[in-house]
$ cat entry_3.txt   # compact mmCIF, C-alpha atoms
# COMPACT_ATOMS: atom_id res chain seq x y z
CA MET A 150 1.10 1.50 10.45
CA ASP A 151 -0.84 2.65 13.50
CA GLY A 152 1.28 5.79 13.69
CA GLU A 153 3.46 4.50 16.51
CA PHE A 154 7.10 5.55 16.36
CA ASN A 155 9.85 2.95 16.72
CA ILE A 156 13.59 3.03 16.15
CA CYS A 157 14.70 0.26 13.84
CA PHE A 158 18.21 -1.22 13.85
CA LYS A 159 18.90 -1.80 10.15
CA PRO A 160 22.25 -3.67 10.31
CA ARG A 161 20.80 -6.38 12.55
CA TYR A 162 20.50 -8.96 9.78
CA ILE A 163 23.56 -8.10 7.73
CA PHE A 164 25.56 -11.19 8.75
CA SER A 165 22.79 -13.61 9.68
CA GLY A 166 19.16 -14.08 8.86
CA PRO A 167 16.29 -13.72 11.31
CA LYS A 168 15.71 -16.52 13.80
CA LYS A 169 12.50 -17.87 15.30
CA LYS A 170 11.06 -15.61 18.03
CA ASP A 171 12.91 -12.53 16.71
CA ILE A 172 10.88 -9.37 16.32
CA VAL A 173 11.44 -7.91 12.87
CA ALA A 174 10.41 -4.73 11.09
CA ILE A 175 8.78 -5.56 7.78
CA ARG A 176 8.32 -2.98 5.07
CA LEU A 177 4.56 -2.85 4.46
CA ALA A 178 4.53 -0.04 1.93
CA GLY A 179 6.98 2.51 0.56
CA ASN A 180 9.82 3.58 2.80
CA ARG A 181 7.92 4.66 5.86
CA VAL A 182 5.21 2.16 6.71
CA MET A 183 6.49 -0.81 8.69
CA LEU A 184 4.99 -3.69 10.61
CA LEU A 185 6.58 -5.10 13.75
CA LYS A 186 6.02 -8.84 13.85
CA ARG A 187 7.47 -11.91 15.52
CA VAL A 188 9.10 -14.62 13.41
CA VAL A 189 7.44 -17.96 14.16
CA ALA A 190 8.70 -20.08 11.27
CA LEU A 191 11.47 -20.02 8.68
CA GLU A 192 11.60 -21.17 5.07
CA ASP A 193 10.64 -24.83 4.49
CA ASP A 194 9.07 -25.05 7.97
CA THR A 195 5.50 -26.28 8.27
CA LEU A 196 3.29 -24.60 10.82
CA GLU A 197 -0.24 -24.98 12.08
CA PHE A 198 -2.47 -23.85 14.93
CA LYS A 199 -4.59 -26.24 16.99
CA ASN A 200 -6.78 -24.67 19.66
CA GLY A 201 -4.43 -21.72 20.02
CA ILE A 202 -1.25 -23.80 20.22
CA LEU A 203 1.34 -23.17 17.51
CA TYR A 204 3.04 -26.23 16.06
CA VAL A 205 6.13 -25.84 13.88
CA ASN A 206 7.27 -28.97 12.05
CA GLY A 207 4.92 -30.97 14.25
CA GLU A 208 6.37 -29.72 17.53
CA GLU A 209 4.65 -27.38 19.93
CA MET A 210 6.41 -24.02 20.01
CA ALA A 211 6.96 -22.52 23.44
CA GLU A 212 5.66 -18.98 23.24
CA ASP A 213 6.42 -17.48 26.63
CA TYR A 214 6.06 -13.96 25.19
CA LEU A 215 2.29 -14.28 24.78
CA VAL A 216 0.18 -12.40 27.31
CA TYR A 217 -3.25 -13.62 26.24
CA PRO A 218 -4.18 -17.11 25.06
CA SER A 219 -5.94 -17.67 21.75
CA ASN A 220 -8.24 -20.31 20.36
CA TRP A 221 -6.90 -20.12 16.81
CA ASN A 222 -7.00 -23.00 14.38
CA LEU A 223 -5.05 -22.93 11.16
CA ALA A 224 -4.47 -25.75 8.71
CA PRO A 225 -0.84 -26.80 8.14
CA ARG A 226 1.11 -24.75 5.62
CA LYS A 227 4.69 -24.73 4.41
CA VAL A 228 6.77 -21.57 4.32
CA ASP A 229 8.07 -20.84 0.81
CA LYS A 230 11.73 -20.40 -0.09
CA GLY A 231 13.04 -16.91 0.65
CA LYS A 232 10.22 -16.22 3.10
CA ILE A 233 9.60 -16.17 6.83
CA TYR A 234 6.31 -16.59 8.67
CA VAL A 235 5.44 -13.77 11.05
CA MET A 236 2.70 -13.02 13.57
CA GLY A 237 1.88 -10.46 16.18
CA ASP A 238 1.89 -11.28 19.88
CA ASN A 239 -1.62 -9.93 20.34
CA ARG A 240 -3.64 -13.04 19.60
CA ASN A 241 -6.71 -12.35 21.68
CA VAL A 242 -8.44 -11.21 18.49
CA PRO A 243 -10.18 -13.38 15.89
CA ILE A 244 -7.70 -14.96 13.48
CA GLN A 245 -9.55 -13.36 10.56
CA VAL A 246 -8.65 -9.82 11.63
CA HIS A 247 -5.08 -10.47 12.75
CA GLU A 248 -2.39 -9.52 10.26
CA PHE A 249 0.00 -12.42 9.86
CA GLY A 250 1.48 -14.63 7.18
CA GLN A 251 4.58 -15.28 5.18
CA ALA A 252 6.64 -12.35 4.04
CA SER A 253 9.61 -12.09 1.75
CA LYS A 254 12.96 -11.82 3.55
CA LYS A 255 13.71 -8.92 1.21
CA ARG A 256 11.07 -6.90 3.03
CA ILE A 257 12.82 -7.19 6.38
CA ILE A 258 14.27 -3.82 7.24
CA GLY A 259 15.84 -4.82 10.57
CA GLY A 260 14.78 -5.23 14.14
CA PRO A 261 13.61 -2.81 16.80
CA LEU A 262 16.48 -1.27 18.74
CA TRP A 263 14.79 -2.12 22.04
CA MET B 16 18.42 53.20 -9.80
CA VAL B 17 18.20 52.29 -13.49
CA LYS B 18 20.56 49.41 -12.87
CA VAL B 19 18.28 48.00 -10.13
CA LYS B 20 15.32 48.17 -12.51
CA TYR B 21 17.21 46.12 -15.09
CA ILE B 22 18.21 43.53 -12.50
CA VAL B 23 14.60 43.19 -11.26
CA ALA B 24 13.30 42.91 -14.84
CA ALA B 25 15.93 40.29 -15.65
CA LEU B 26 15.01 38.29 -12.55
CA ILE B 27 11.31 38.39 -13.47
CA ILE B 28 12.11 37.20 -17.00
CA ILE B 29 14.31 34.37 -15.70
CA VAL B 30 11.77 33.19 -13.11
CA GLY B 31 8.94 33.49 -15.67
CA GLY B 32 11.02 31.58 -18.22
CA ILE B 33 11.69 28.76 -15.76
CA ALA B 34 7.99 28.59 -14.83
CA ILE B 35 6.98 28.45 -18.52
CA PHE B 36 9.65 25.80 -19.20
CA PHE B 37 8.33 23.54 -16.44
CA TYR B 38 4.72 24.16 -17.53
CA VAL B 39 5.39 23.35 -21.19
CA PHE B 40 7.91 20.56 -20.62
CA GLU B 41 6.24 18.95 -17.64
CA SER B 42 7.85 15.56 -17.04
CA GLN B 43 5.92 12.37 -17.69
CA GLU B 44 6.41 11.43 -14.03
CA ALA B 45 4.68 14.66 -13.02
CA LYS B 46 1.83 13.91 -15.43
CA ILE B 47 1.39 10.45 -13.90
CA LYS B 48 1.44 11.91 -10.38
CA LYS B 49 -1.34 14.26 -11.53
CA GLN B 50 -3.49 11.21 -12.39
CA PHE B 51 -3.09 9.94 -8.82
CA LYS B 52 -3.99 13.39 -7.51
CA PHE B 53 -7.08 13.31 -9.73
CA ILE B 54 -8.13 9.94 -8.24
CA ALA B 55 -7.57 11.24 -4.71
CA GLU B 56 -9.75 14.30 -5.45
CA LYS B 57 -12.54 12.15 -6.85
CA ILE B 58 -12.45 9.67 -3.97
CA GLU B 59 -12.49 12.39 -1.32
CA LYS B 60 -15.86 12.87 0.33
CA SER B 61 -17.05 15.24 3.02
CA PRO B 62 -20.22 14.85 5.12
CA GLY B 63 -23.33 16.12 3.36
CA GLU B 64 -22.12 15.53 -0.19
CA SER B 65 -25.08 15.51 -2.57
CA PRO B 66 -25.88 12.36 -4.59
CA ILE B 67 -25.43 14.37 -7.80
CA ILE B 68 -21.85 15.25 -6.87
CA SER B 69 -21.26 11.62 -5.78
CA GLY B 70 -22.51 10.40 -9.17
CA ARG B 71 -20.37 12.90 -11.07
CA LYS B 72 -17.23 12.01 -9.12
CA ALA B 73 -17.76 8.28 -9.58
CA LYS B 74 -18.34 8.71 -13.31
CA SER B 75 -15.38 11.02 -13.91
CA ILE B 76 -12.87 8.77 -12.10
CA ALA B 77 -13.21 6.16 -14.88
CA LYS B 78 -11.55 8.43 -17.42
CA VAL B 79 -8.07 7.78 -15.97
CA PHE B 80 -8.56 4.00 -16.26
CA ALA B 81 -8.28 1.96 -19.44
CA ASP B 82 -11.43 0.14 -20.51
CA PRO B 83 -11.06 -2.57 -19.33
CA CYS B 84 -8.52 -2.25 -16.54
CA PHE B 85 -7.09 -5.27 -14.75
CA ILE B 86 -7.44 -5.09 -10.98
CA ASN B 87 -5.80 -7.54 -8.59
CA ILE B 88 -6.41 -7.43 -4.84
CA PRO B 89 -5.12 -10.75 -3.46
CA VAL B 90 -6.23 -10.05 0.11
CA TYR B 91 -9.86 -9.98 -1.13
CA ASP B 92 -9.32 -12.77 -3.70
CA TYR B 93 -10.29 -10.24 -6.35
CA SER B 94 -8.54 -10.52 -9.69
CA GLN B 95 -10.30 -9.53 -12.89
CA GLU B 96 -10.70 -7.05 -15.70
CA VAL B 97 -13.09 -4.24 -14.91
CA THR B 98 -14.88 -2.06 -17.44
CA SER B 99 -15.11 1.71 -16.96
CA GLU B 100 -18.81 1.41 -16.26
CA SER B 101 -18.31 -1.25 -13.56
CA LEU B 102 -15.49 0.79 -12.06
CA SER B 103 -17.68 3.90 -11.76
CA ARG B 104 -20.46 1.82 -10.23
CA TYR B 105 -18.04 0.25 -7.75
CA VAL B 106 -16.60 3.65 -6.75
CA PHE B 107 -20.13 5.05 -6.31
CA THR B 108 -21.17 2.10 -4.10
CA MET B 109 -17.94 2.20 -2.10
CA ARG B 110 -18.17 5.97 -1.47
CA SER B 111 -21.83 5.73 -0.49
CA ARG B 112 -20.83 3.52 2.46
CA TYR B 113 -18.75 6.37 3.85
CA THR B 114 -19.77 9.71 5.34
CA ARG B 115 -16.20 10.96 5.04
CA ILE B 116 -13.30 9.52 3.09
CA SER B 117 -9.90 10.63 1.91
CA MET B 118 -7.16 8.96 -0.08
CA THR B 119 -3.46 9.76 -0.23
CA PHE B 120 -0.70 8.55 -2.51
CA TYR B 121 2.99 8.91 -1.68
CA ASP B 122 6.43 7.26 -1.93
CA PHE B 123 6.29 7.12 -5.72
CA SER B 124 8.82 4.71 -7.21
CA PHE B 125 8.98 4.68 -11.01
CA GLU B 126 10.31 1.23 -11.94
CA HIS B 127 9.80 1.53 -15.67
CA MET B 128 9.31 4.67 -17.69
CA GLU B 129 9.04 4.54 -21.45
CA LYS B 130 7.52 6.92 -23.94
CA GLU B 131 4.09 5.29 -23.82
CA THR B 132 4.19 2.85 -20.91
CA ALA B 133 5.06 3.20 -17.26
CA ARG B 134 5.11 1.15 -14.10
CA VAL B 135 5.00 2.79 -10.72
CA THR B 136 4.79 1.51 -7.16
CA ILE B 137 3.18 3.77 -4.61
CA THR B 138 1.87 3.78 -1.07
CA ALA B 139 -1.89 4.27 -0.97
CA GLY B 140 -3.55 5.33 2.23
CA ILE B 141 -7.28 5.45 2.80
CA ALA B 142 -8.99 6.93 5.83
CA GLY B 143 -12.61 7.61 6.56
CA SER B 144 -15.76 7.05 8.57
CA LEU B 145 -18.39 4.55 7.55
CA SER B 146 -22.09 5.38 7.76
CA THR B 147 -22.21 2.97 10.72
CA GLY B 148 -19.80 5.25 12.61
CA GLU B 149 -16.86 2.87 12.32
CA THR B 150 -13.55 4.49 11.33
CA VAL B 151 -11.38 2.98 8.64
CA LYS B 152 -7.65 3.48 8.16
CA ASP B 153 -5.71 1.32 5.77
CA ILE B 154 -2.38 1.47 3.95
CA HIS B 155 -1.21 -0.67 1.06
CA GLU B 156 1.59 -0.82 -1.42
CA VAL B 157 0.16 -0.73 -4.93
CA THR B 158 1.84 -1.37 -8.27
CA CYS B 159 0.27 0.31 -11.28
CA SER B 160 0.94 -0.12 -14.99
CA LEU B 161 -0.05 2.79 -17.19
CA LYS B 162 -0.19 3.53 -20.87
CA LYS B 163 -0.25 6.83 -22.64
CA SER B 164 -3.32 7.52 -24.73
CA ASP B 165 -4.80 10.58 -26.43
CA ASP B 166 -6.51 11.37 -23.12
CA GLY B 167 -3.24 11.21 -21.19
CA TRP B 168 -1.88 8.48 -18.93
CA GLN B 169 -4.35 5.72 -18.14
CA PHE B 170 -4.15 2.87 -15.64
CA VAL B 171 -4.18 -0.52 -17.35
CA LYS B 172 -3.29 -2.65 -14.35
CA VAL B 173 -3.62 -2.00 -10.62
CA GLU B 174 -2.25 -4.58 -8.19
CA VAL B 175 -2.29 -4.38 -4.43
CA VAL B 176 0.94 -5.95 -3.13
CA GLU B 177 0.32 -8.83 -0.75
CA VAL B 178 3.02 -8.42 1.89
CA LEU B 179 1.72 -11.09 4.29
CA LYS B 180 0.31 -14.21 2.69
CA LYS B 181 -1.58 -16.44 5.09

$ encode --input "entry_3.txt" --output "structure tokens"
Amino acid sequence: MDGEFNICFKPRYIFSGPKKKDIVAIRLAGNRVMLLKRVVALEDDTLEFKNGILYVNGEEMAEDYLVYPSNWNLAPRKVDKGKIYVMGDNRNVPIQVHEFGQASKKRIIGGPLW
Amino acid sequence: MVKVKYIVAALIIIVGGIAIFFYVFESQEAKIKKQFKFIAEKIEKSPGESPIISGRKAKSIAKVFADPCFINIPVYDYSQEVTSESLSRYVFTMRSRYTRISMTFYDFSFEHMEKETARVTITAGIAGSLSTGETVKDIHEVTCSLKKSDDGWQFVKVEVVEVLKK
């Protein structure tokens, strides 16, 4: 979306679905505009943020990939069937401007090659 | 030499015939794409555009939309029918916030194409500079339903696809 060029490995999720902490390429629009996001919750999971800490199904999620801490708060929400919940790793921005949320699994194109 | 003349003349007739064929029998998909091009032309703004031109552009854009047209933008919690007049007013207000703006439509996917109705999903990109100096660049997938009227194809429903739902 920001014009950055990435190589996406399409067959990555042919035999198994995405797992938590995977980075996935999500089709944002058409065939060319993708978002790279990290999977933080799967279908039927409940997630919430309390003072920047992510809780999935009531348990704190270890996010060792984060560089900057956040102070986000987000009320609990359940991930719908056929969807995954994704976020970016850059959380040192206000929650209002960060692009995250649940996306249909059908929109997952694959994962980055590296 | 005479033979070459005949070949050239035949080629001109064939090329001309093909051009006329495509002009007369322009596909409905091409006609719909023209409506998107029309919107892009009317949205486009360069620095120094006069208010008269701004007014004209905002007014003329309404002619490709049904009256009313249903507009759904989940990310802004906006979902309602909009009259042509309101649409022109909204476009005028939106454009006035920008010193420069351009809109592009691509990746057309025709999901339904009948004689008088059509449904198309496209990628819509908007880029520009606000009067405050801030630059804006946004891309969305948009699904549009159109109907054919005496004035050509008109948008009856425009829905911005919500890819990430918080």

$ closest_residue --input "entry_3.txt" --among "B:Val151, B:Val173, B:Lys162, B:Ile137" --to "Ala178 of chain A" --atoms "only C-alpha atoms"
B:Ile137

$ closest_atom_pairs --input "entry_3.txt" --of "chain B" --to "chain A" --cutoff "8 Å" --atoms "only C-alpha atoms" --output "CSV"
residue,atom,partner,partner_atom,distance
B:Tyr121,CA,A:Gly179,CA,7.9
B:Asp122,CA,A:Gly179,CA,5.4
B:Phe123,CA,A:Gly179,CA,7.8
B:Ile137,CA,A:Gly179,CA,6.5
B:Thr138,CA,A:Gly179,CA,5.5
B:Ile154,CA,A:Ala178,CA,7.4
B:His155,CA,A:Ala178,CA,5.8
B:Glu156,CA,A:Ala178,CA,4.5
B:Val178,CA,A:Ala252,CA,5.8
B:Leu179,CA,A:Gly250,CA,4.6
B:Lys180,CA,A:Gly250,CA,4.7
B:Lys181,CA,A:Gly250,CA,4.1

$ residues_around --input "entry_3.txt" --residues "segment 84-95 of chain B" --least-positions-apart "3" --cutoff "10 Å" --atoms "all atoms listed in the file" --output "PyMOL selection string"
chain B and resi 77+80-81+98-99+102+157-161+169-181

$ write_last_selection --input "entry_3.txt" --atoms "C-alpha atoms" --output "compact mmCIF listing (two decimals), in the coordinates of the input"
# COMPACT_ATOMS: atom_id res chain seq x y z
CA ALA B 77 -13.21 6.16 -14.88
CA PHE B 80 -8.56 4.00 -16.26
CA ALA B 81 -8.28 1.96 -19.44
CA THR B 98 -14.88 -2.06 -17.44
CA SER B 99 -15.11 1.71 -16.96
CA LEU B 102 -15.49 0.79 -12.06
CA VAL B 157 0.16 -0.73 -4.93
CA THR B 158 1.84 -1.37 -8.27
CA CYS B 159 0.27 0.31 -11.28
CA SER B 160 0.94 -0.12 -14.99
CA LEU B 161 -0.05 2.79 -17.19
CA GLN B 169 -4.35 5.72 -18.14
CA PHE B 170 -4.15 2.87 -15.64
CA VAL B 171 -4.18 -0.52 -17.35
CA LYS B 172 -3.29 -2.65 -14.35
CA VAL B 173 -3.62 -2.00 -10.62
CA GLU B 174 -2.25 -4.58 -8.19
CA VAL B 175 -2.29 -4.38 -4.43
CA VAL B 176 0.94 -5.95 -3.13
CA GLU B 177 0.32 -8.83 -0.75
CA VAL B 178 3.02 -8.42 1.89
CA LEU B 179 1.72 -11.09 4.29
CA LYS B 180 0.31 -14.21 2.69
CA LYS B 181 -1.58 -16.44 5.09

$ closest_residue --input "entry_3.txt" --among "B:Lys60, B:His127, B:Lys152, B:Lys72" --to "Tyr113 of chain B" --atoms "only C-alpha atoms"
B:Lys60

$ closest_residue --input "entry_3.txt" --among "B:Arg104, B:Arg134, B:Lys52, B:Arg110" --to "Ser69 of chain B" --atoms "all atoms listed in the file"
B:Arg110

$ closest_residue --input "entry_3.txt" --among "A:Gly231, A:Glu208, A:Gly201, A:Pro261" --to "Phe154 of chain A" --atoms "only C-alpha atoms"
A:Pro261

$ atom_distance --input "entry_3.txt" --atom1 "atom CA of Ile35 of chain B" --atom2 "atom CA of Glu56 of chain B"
25.5 Å

$ residues_around --input "entry_3.txt" --residues "Ile47 of chain B" --least-positions-apart "2" --cutoff "9 Å" --atoms "all atoms listed in the file" --output "count of residues only"
13

$ atom_distance --input "entry_3.txt" --atom1 "atom CA of Lys186 of chain A" --atom2 "atom CA of Met118 of chain B"
26.2 Å

$ atom_distance --input "entry_3.txt" --atom1 "atom CA of Ser61 of chain B" --atom2 "atom CA of Ile116 of chain B"
6.8 Å

$ residues_around --input "entry_3.txt" --residues "Tyr214 of chain A" --least-positions-apart "2" --cutoff "12 Å" --atoms "all atoms listed in the file" --output "list of chain:residue names"
A:Lys170, A:Asp171, A:Ile172, A:Arg187, A:Val189, A:Met210, A:Ala211, A:Glu212, A:Val216, A:Tyr217, A:Pro218, A:Gly237, A:Asp238, A:Asn239, A:Arg240

$ closest_residue --input "entry_3.txt" --among "B:Ala34, B:Ala24, B:Ala55, B:Ala142" --to "Thr114 of chain B" --atoms "all atoms listed in the file"
B:Ala142

$ residues_near_point --input "entry_3.txt" --point "(-4.6, -27.2, 19.8)" --cutoff "10 Å" --atoms "all atoms listed in the file" --output "list in words"
Glu197, Phe198, Lys199, Asn200, Gly201, Ile202, Leu203, Tyr204, Glu209, Ser219, Asn220, Trp221, Asn222 and Leu223 of chain A

$ closest_residue --input "entry_3.txt" --among "A:Pro160, A:Asp193, A:Lys169, A:Leu262" --to "Lys227 of chain A" --atoms "all atoms listed in the file"
A:Asp193

$ residues_around --input "entry_3.txt" --residues "Ala174 of chain A" --least-positions-apart "2" --cutoff "6 Å" --atoms "only C-alpha atoms" --output "list in words"
Leu184, Leu185, Ile257, Ile258, Gly259 and Gly260 of chain A

$ decode --input "entry_3.txt" --residues "segment 167-259 of chain A" --atoms "C-alpha atoms" --output "compact mmCIF listing (two decimals), in the first residue's frame"
# COMPACT_ATOMS: atom_id res chain seq x y z
CA PRO A 167 -2.22 -19.30 9.25
CA LYS A 168 -1.06 -19.57 12.86
CA LYS A 169 -0.71 -16.92 15.55
CA LYS A 170 2.37 -14.71 15.08
CA ASP A 171 2.60 -15.50 11.34
CA ILE A 172 3.05 -12.56 9.01
CA VAL A 173 0.51 -12.75 6.20
CA ALA A 174 -0.13 -10.81 3.01
CA ILE A 175 -3.74 -9.68 2.89
CA ARG A 176 -5.36 -8.50 -0.31
CA LEU A 177 -6.49 -4.94 0.41
CA ALA A 178 -7.80 -4.09 -3.04
CA GLY A 179 -7.72 -5.62 -6.50
CA ASN A 180 -4.80 -7.86 -7.36
CA ARG A 181 -1.92 -5.58 -6.54
CA VAL A 182 -2.50 -3.81 -3.24
CA MET A 183 -1.55 -5.91 -0.23
CA LEU A 184 -1.10 -5.37 3.47
CA LEU A 185 1.53 -7.21 5.49
CA LYS A 186 0.17 -7.90 8.96
CA ARG A 187 0.83 -10.21 11.88
CA VAL A 188 -1.82 -12.73 12.93
CA VAL A 189 -2.63 -12.22 16.62
CA ALA A 190 -5.84 -14.23 16.95
CA LEU A 191 -7.73 -16.93 15.07
CA GLU A 192 -11.44 -17.58 14.61
CA ASP A 193 -13.46 -17.90 17.84
CA ASP A 194 -10.61 -16.35 19.86
CA THR A 195 -11.38 -13.37 22.07
CA LEU A 196 -8.80 -10.63 22.26
CA GLU A 197 -8.37 -7.37 24.11
CA PHE A 198 -5.73 -4.78 24.89
CA LYS A 199 -5.06 -3.48 28.40
CA ASN A 200 -2.41 -0.79 28.73
CA GLY A 201 -0.61 -2.02 25.63
CA ILE A 202 -0.66 -5.70 26.61
CA LEU A 203 -2.48 -8.04 24.24
CA TYR A 204 -4.63 -10.72 25.84
CA VAL A 205 -5.98 -13.59 23.75
CA ASN A 206 -8.61 -15.78 25.42
CA GLY A 207 -7.71 -14.11 28.71
CA GLU A 208 -4.00 -14.95 28.52
CA GLU A 209 -1.24 -12.45 27.92
CA MET A 210 0.35 -13.00 24.52
CA ALA A 211 4.13 -12.89 24.43
CA GLU A 212 5.02 -10.50 21.64
CA ASP A 213 8.80 -10.59 21.46
CA TYR A 214 8.70 -9.16 17.92
CA LEU A 215 7.57 -5.72 19.12
CA VAL A 216 10.23 -3.01 19.09
CA TYR A 217 8.23 -0.21 20.70
CA PRO A 218 5.73 -0.54 23.55
CA SER A 219 2.19 0.81 23.22
CA ASN A 220 -0.43 2.05 25.62
CA TRP A 221 -3.38 0.70 23.66
CA ASN A 222 -6.67 -0.25 25.23
CA LEU A 223 -9.28 -2.20 23.33
CA ALA A 224 -12.45 -3.78 24.64
CA PRO A 225 -12.75 -7.57 24.29
CA ARG A 226 -13.99 -8.84 20.94
CA LYS A 227 -14.49 -12.26 19.41
CA VAL A 228 -13.07 -13.18 16.03
CA ASP A 229 -15.81 -14.32 13.63
CA LYS A 230 -15.86 -17.66 11.84
CA GLY A 231 -13.69 -17.72 8.71
CA LYS A 232 -11.67 -14.73 9.90
CA ILE A 233 -8.33 -13.98 11.52
CA TYR A 234 -7.35 -10.94 13.56
CA VAL A 235 -4.29 -9.09 12.30
CA MET A 236 -2.16 -6.16 13.43
CA GLY A 237 1.02 -4.43 12.47
CA ASP A 238 4.12 -4.56 14.66
CA ASN A 239 4.44 -0.79 14.67
CA ARG A 240 2.29 0.07 17.67
CA ASN A 241 3.94 3.28 18.77
CA VAL A 242 1.14 5.15 17.01
CA PRO A 243 -2.32 5.97 18.35
CA ILE A 244 -4.69 3.02 18.06
CA GLN A 245 -7.09 5.17 16.04
CA VAL A 246 -4.67 5.53 13.12
CA HIS A 247 -3.28 1.99 13.11
CA GLU A 248 -4.77 -0.34 10.52
CA PHE A 249 -5.80 -3.57 12.20
CA GLY A 250 -8.80 -5.80 12.64
CA GLN A 251 -10.36 -9.02 11.53
CA ALA A 252 -9.99 -10.04 7.93
CA SER A 253 -11.50 -12.86 5.93
CA LYS A 254 -9.19 -15.85 5.46
CA LYS A 255 -10.16 -15.71 1.78
CA ARG A 256 -8.20 -12.48 1.51
CA ILE A 257 -4.94 -14.08 2.60
CA ILE A 258 -2.68 -14.31 -0.42
CA GLY A 259 0.26 -15.98 1.33
